[in-house]
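S.K.: Below you'll find the structure I mean.
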Amino acid sequence: MIYNAAKIVIHSGNYKYEALDLDLCLFLMMKKITQEQYMELISKMDEQKTQADA
């Protein structure tokens with residue numbers, strides 16, 4: 001559930017990178033998302049950040 005919600009937020013682009021990064025770290029530590037899900041979400045955020053900076 002958290003994973004799907006995070007994907008929606010990232011897809012919308014309506015988030016602050018640092019805040020969502022921290023939230024995802026906490027979800028990972030609390031085992032609410034897997035390491036693979038965390039890496040996928042962070043990769044998508046990094047991709048969007050790179051496109052925004054270009």
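Every chain in the structure tokens has a letter given in the order shown (A, B, ...), and although residue numbers restart at 1 in each chain, ligands are simply numbered from 1 in the order shown.
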Could you pull the residues within 12 Å of Met39 (chain A), counting only C-alpha atoms, minus those fewer than 6 positions along the same chain, as a PDB file with C-alpha atoms, in the first residue's frame?
M.R.:
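As written to disk, part.pdb reads:
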```
ATOM      1  CA  TYR A   3       4.697   1.503  -2.141  1.00  0.00           C
ATOM      2  CA  LYS A   7       4.565   5.628  -6.814  1.00  0.00           C
ATOM      3  CA  ASP A  21      13.614  10.590   0.455  1.00  0.00           C
ATOM      4  CA  LEU A  24      11.104   6.340   2.070  1.00  0.00           C
ATOM      5  CA  CYS A  25      14.156   5.686   4.276  1.00  0.00           C
ATOM      6  CA  LEU A  28      12.401   0.910   4.536  1.00  0.00           C
ATOM      7  CA  ILE A  33       8.687  -1.395   1.743  1.00  0.00           C
ATOM      8  CA  MET A  45      12.870  10.340  -8.114  1.00  0.00           C
ATOM      9  CA  ASP A  46      16.481  10.752  -9.280  1.00  0.00           C
TER      10      ASP A  46
END
```
S.K.: Tell me, which residues of chain A carry DSSP alpha helix (DSSP H), written as an mmCIF file with N, CA, C and O atoms, in the first residue's frame?
M.R.:
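Resulting contents of selection19.cif:
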```
data_model
loop_
_atom_site.group_PDB
_atom_site.id
_atom_site.type_symbol
_atom_site.label_atom_id
_atom_site.label_comp_id
_atom_site.auth_asym_id
_atom_site.auth_seq_id
_atom_site.Cartn_x
_atom_site.Cartn_y
_atom_site.Cartn_z
ATOM 1 N N ILE A 2 1.842 1.335 0.877
ATOM 2 C CA ILE A 2 2.724 2.500 0.936
ATOM 3 C C ILE A 2 3.505 2.630 -0.362
ATOM 4 O O ILE A 2 3.673 3.735 -0.896
ATOM 5 N N TYR A 3 3.961 1.507 -0.876
ATOM 6 C CA TYR A 3 4.697 1.503 -2.141
ATOM 7 C C TYR A 3 3.847 2.099 -3.263
ATOM 8 O O TYR A 3 4.319 2.959 -4.007
ATOM 9 N N ASN A 4 2.617 1.648 -3.385
ATOM 10 C CA ASN A 4 1.732 2.160 -4.438
ATOM 11 C C ASN A 4 1.436 3.643 -4.254
ATOM 12 O O ASN A 4 1.405 4.397 -5.228
ATOM 13 N N ALA A 5 1.227 4.058 -3.020
ATOM 14 C CA ALA A 5 0.973 5.474 -2.747
ATOM 15 C C ALA A 5 2.196 6.314 -3.107
ATOM 16 O O ALA A 5 2.068 7.397 -3.698
ATOM 17 N N ALA A 6 3.375 5.823 -2.784
ATOM 18 C CA ALA A 6 4.610 6.551 -3.109
ATOM 19 C C ALA A 6 4.789 6.656 -4.618
ATOM 20 O O ALA A 6 5.197 7.707 -5.130
ATOM 21 N N LYS A 7 4.471 5.591 -5.357
ATOM 22 C CA LYS A 7 4.565 5.628 -6.814
ATOM 23 C C LYS A 7 3.647 6.705 -7.389
ATOM 24 O O LYS A 7 4.036 7.430 -8.307
ATOM 25 N N ILE A 8 2.450 6.823 -6.849
ATOM 26 C CA ILE A 8 1.497 7.833 -7.321
ATOM 27 C C ILE A 8 2.033 9.230 -7.054
ATOM 28 O O ILE A 8 1.983 10.106 -7.919
ATOM 29 N N VAL A 9 2.554 9.442 -5.853
ATOM 30 C CA VAL A 9 3.101 10.756 -5.503
ATOM 31 C C VAL A 9 4.277 11.102 -6.412
ATOM 32 O O VAL A 9 4.364 12.218 -6.936
ATOM 33 N N ILE A 10 5.176 10.162 -6.620
ATOM 34 C CA ILE A 10 6.344 10.412 -7.469
ATOM 35 C C ILE A 10 5.906 10.684 -8.897
ATOM 36 O O ILE A 10 6.400 11.613 -9.546
ATOM 37 N N HIS A 11 4.958 9.912 -9.394
ATOM 38 C CA HIS A 11 4.464 10.105 -10.754
ATOM 39 C C HIS A 11 3.836 11.494 -10.916
ATOM 40 O O HIS A 11 3.987 12.128 -11.959
ATOM 41 N N SER A 12 3.165 11.981 -9.876
ATOM 42 C CA SER A 12 2.516 13.295 -9.944
ATOM 43 C C SER A 12 3.546 14.429 -9.964
ATOM 44 O O SER A 12 3.257 15.515 -10.458
ATOM 45 N N TYR A 17 11.873 16.559 -2.835
ATOM 46 C CA TYR A 17 12.780 15.419 -2.933
ATOM 47 C C TYR A 17 13.292 14.994 -1.555
ATOM 48 O O TYR A 17 13.221 13.817 -1.204
ATOM 49 N N GLU A 18 13.813 15.925 -0.798
ATOM 50 C CA GLU A 18 14.442 15.594 0.481
ATOM 51 C C GLU A 18 13.436 14.992 1.460
ATOM 52 O O GLU A 18 13.762 14.045 2.190
ATOM 53 N N ALA A 19 12.234 15.533 1.485
ATOM 54 C CA ALA A 19 11.216 15.036 2.418
ATOM 55 C C ALA A 19 10.778 13.623 2.051
ATOM 56 O O ALA A 19 10.664 12.751 2.928
ATOM 57 N N LEU A 20 10.536 13.379 0.770
ATOM 58 C CA LEU A 20 10.103 12.050 0.355
ATOM 59 C C LEU A 20 11.237 11.045 0.509
ATOM 60 O O LEU A 20 11.004 9.889 0.888
ATOM 61 N N ASP A 21 12.457 11.462 0.248
ATOM 62 C CA ASP A 21 13.614 10.590 0.455
ATOM 63 C C ASP A 21 13.680 10.136 1.911
ATOM 64 O O ASP A 21 13.866 8.944 2.195
ATOM 65 N N LEU A 22 13.497 11.052 2.831
ATOM 66 C CA LEU A 22 13.511 10.719 4.255
ATOM 67 C C LEU A 22 12.364 9.768 4.594
ATOM 68 O O LEU A 22 12.560 8.775 5.311
ATOM 69 N N ASP A 23 11.174 10.057 4.077
ATOM 70 C CA ASP A 23 10.023 9.182 4.340
ATOM 71 C C ASP A 23 10.293 7.767 3.836
ATOM 72 O O ASP A 23 10.007 6.790 4.538
ATOM 73 N N LEU A 24 10.834 7.659 2.629
ATOM 74 C CA LEU A 24 11.104 6.340 2.070
ATOM 75 C C LEU A 24 12.156 5.588 2.898
ATOM 76 O O LEU A 24 12.037 4.375 3.091
ATOM 77 N N CYS A 25 13.148 6.307 3.395
ATOM 78 C CA CYS A 25 14.156 5.686 4.276
ATOM 79 C C CYS A 25 13.498 5.121 5.533
ATOM 80 O O CYS A 25 13.798 4.004 5.964
ATOM 81 N N LEU A 26 12.590 5.893 6.095
ATOM 82 C CA LEU A 26 11.886 5.439 7.299
ATOM 83 C C LEU A 26 11.010 4.230 7.002
ATOM 84 O O LEU A 26 10.978 3.274 7.778
ATOM 85 N N PHE A 27 10.303 4.260 5.870
ATOM 86 C CA PHE A 27 9.474 3.116 5.494
ATOM 87 C C PHE A 27 10.321 1.864 5.295
ATOM 88 O O PHE A 27 9.908 0.765 5.671
ATOM 89 N N LEU A 28 11.501 2.041 4.726
ATOM 90 C CA LEU A 28 12.401 0.910 4.536
ATOM 91 C C LEU A 28 12.862 0.363 5.888
ATOM 92 O O LEU A 28 12.833 -0.852 6.106
ATOM 93 N N MET A 29 13.242 1.237 6.790
ATOM 94 C CA MET A 29 13.701 0.794 8.113
ATOM 95 C C MET A 29 12.588 0.093 8.891
ATOM 96 O O MET A 29 12.850 -0.833 9.657
ATOM 97 N N GLN A 35 13.725 -3.465 0.000
ATOM 98 C CA GLN A 35 14.912 -2.802 -0.544
ATOM 99 C C GLN A 35 14.743 -2.561 -2.043
ATOM 100 O O GLN A 35 15.116 -1.501 -2.550
ATOM 101 N N GLU A 36 14.186 -3.531 -2.746
ATOM 102 C CA GLU A 36 13.972 -3.399 -4.186
ATOM 103 C C GLU A 36 12.983 -2.277 -4.503
ATOM 104 O O GLU A 36 13.190 -1.502 -5.431
ATOM 105 N N GLN A 37 11.905 -2.193 -3.728
ATOM 106 C CA GLN A 37 10.925 -1.125 -3.925
ATOM 107 C C GLN A 37 11.550 0.239 -3.640
ATOM 108 O O GLN A 37 11.336 1.192 -4.383
ATOM 109 N N TYR A 38 12.337 0.304 -2.571
ATOM 110 C CA TYR A 38 13.018 1.547 -2.221
ATOM 111 C C TYR A 38 13.922 2.005 -3.363
ATOM 112 O O TYR A 38 13.878 3.163 -3.774
ATOM 113 N N MET A 39 14.713 1.087 -3.889
ATOM 114 C CA MET A 39 15.635 1.438 -4.975
ATOM 115 C C MET A 39 14.881 1.888 -6.222
ATOM 116 O O MET A 39 15.294 2.841 -6.896
ATOM 117 N N GLU A 40 13.782 1.233 -6.525
ATOM 118 C CA GLU A 40 12.971 1.622 -7.685
ATOM 119 C C GLU A 40 12.414 3.033 -7.511
ATOM 120 O O GLU A 40 12.481 3.853 -8.434
ATOM 121 N N LEU A 41 11.883 3.325 -6.334
ATOM 122 C CA LEU A 41 11.286 4.637 -6.083
ATOM 123 C C LEU A 41 12.343 5.740 -6.104
ATOM 124 O O LEU A 41 12.133 6.801 -6.701
ATOM 125 N N ILE A 42 13.477 5.491 -5.476
ATOM 126 C CA ILE A 42 14.550 6.485 -5.464
ATOM 127 C C ILE A 42 15.082 6.715 -6.876
ATOM 128 O O ILE A 42 15.365 7.855 -7.272
ATOM 129 N N SER A 43 15.192 5.650 -7.649
ATOM 130 C CA SER A 43 15.661 5.788 -9.030
ATOM 131 C C SER A 43 14.716 6.671 -9.836
ATOM 132 O O SER A 43 15.159 7.520 -10.616
ATOM 133 N N LYS A 44 13.425 6.473 -9.650
ATOM 134 C CA LYS A 44 12.433 7.292 -10.362
ATOM 135 C C LYS A 44 12.539 8.756 -9.912
ATOM 136 O O LYS A 44 12.465 9.671 -10.733
ATOM 137 N N MET A 45 12.716 8.972 -8.620
ATOM 138 C CA MET A 45 12.870 10.340 -8.114
ATOM 139 C C MET A 45 14.132 10.976 -8.693
ATOM 140 O O MET A 45 14.104 12.140 -9.110
ATOM 141 N N ASP A 46 15.227 10.231 -8.729
ATOM 142 C CA ASP A 46 16.481 10.752 -9.280
ATOM 143 C C ASP A 46 16.322 11.100 -10.759
ATOM 144 O O ASP A 46 16.835 12.117 -11.224
ATOM 145 N N GLU A 47 15.618 10.247 -11.473
ATOM 146 C CA GLU A 47 15.373 10.482 -12.896
ATOM 147 C C GLU A 47 14.592 11.783 -13.104
ATOM 148 O O GLU A 47 14.943 12.597 -13.958
ATOM 149 N N GLN A 48 13.552 11.986 -12.305
ATOM 150 C CA GLN A 48 12.749 13.205 -12.414
ATOM 151 C C GLN A 48 13.575 14.429 -12.019
ATOM 152 O O GLN A 48 13.463 15.482 -12.639
ATOM 153 N N LYS A 49 14.403 14.291 -10.999
ATOM 154 C CA LYS A 49 15.236 15.406 -10.545
ATOM 155 C C LYS A 49 16.231 15.798 -11.633
ATOM 156 O O LYS A 49 16.444 16.984 -11.892
ATOM 157 N N THR A 50 16.825 14.812 -12.296
ATOM 158 C CA THR A 50 17.772 15.062 -13.376
ATOM 159 C C THR A 50 17.085 15.790 -14.530
ATOM 160 O O THR A 50 17.637 16.740 -15.087
ATOM 161 N N GLN A 51 15.885 15.360 -14.873
ATOM 162 C CA GLN A 51 15.137 16.002 -15.959
ATOM 163 C C GLN A 51 14.771 17.436 -15.588
ATOM 164 O O GLN A 51 14.832 18.325 -16.438
ATOM 165 N N ALA A 52 14.421 17.667 -14.341
ATOM 166 C CA ALA A 52 14.052 19.016 -13.895
ATOM 167 C C ALA A 52 15.259 19.949 -13.887
ATOM 168 O O ALA A 52 15.136 21.145 -14.153
ATOM 169 N N ASP A 53 16.425 19.402 -13.566
ATOM 170 C CA ASP A 53 17.644 20.204 -13.499
ATOM 171 C C ASP A 53 18.214 20.526 -14.890
ATOM 172 O O ASP A 53 18.997 21.452 -15.041
#
```
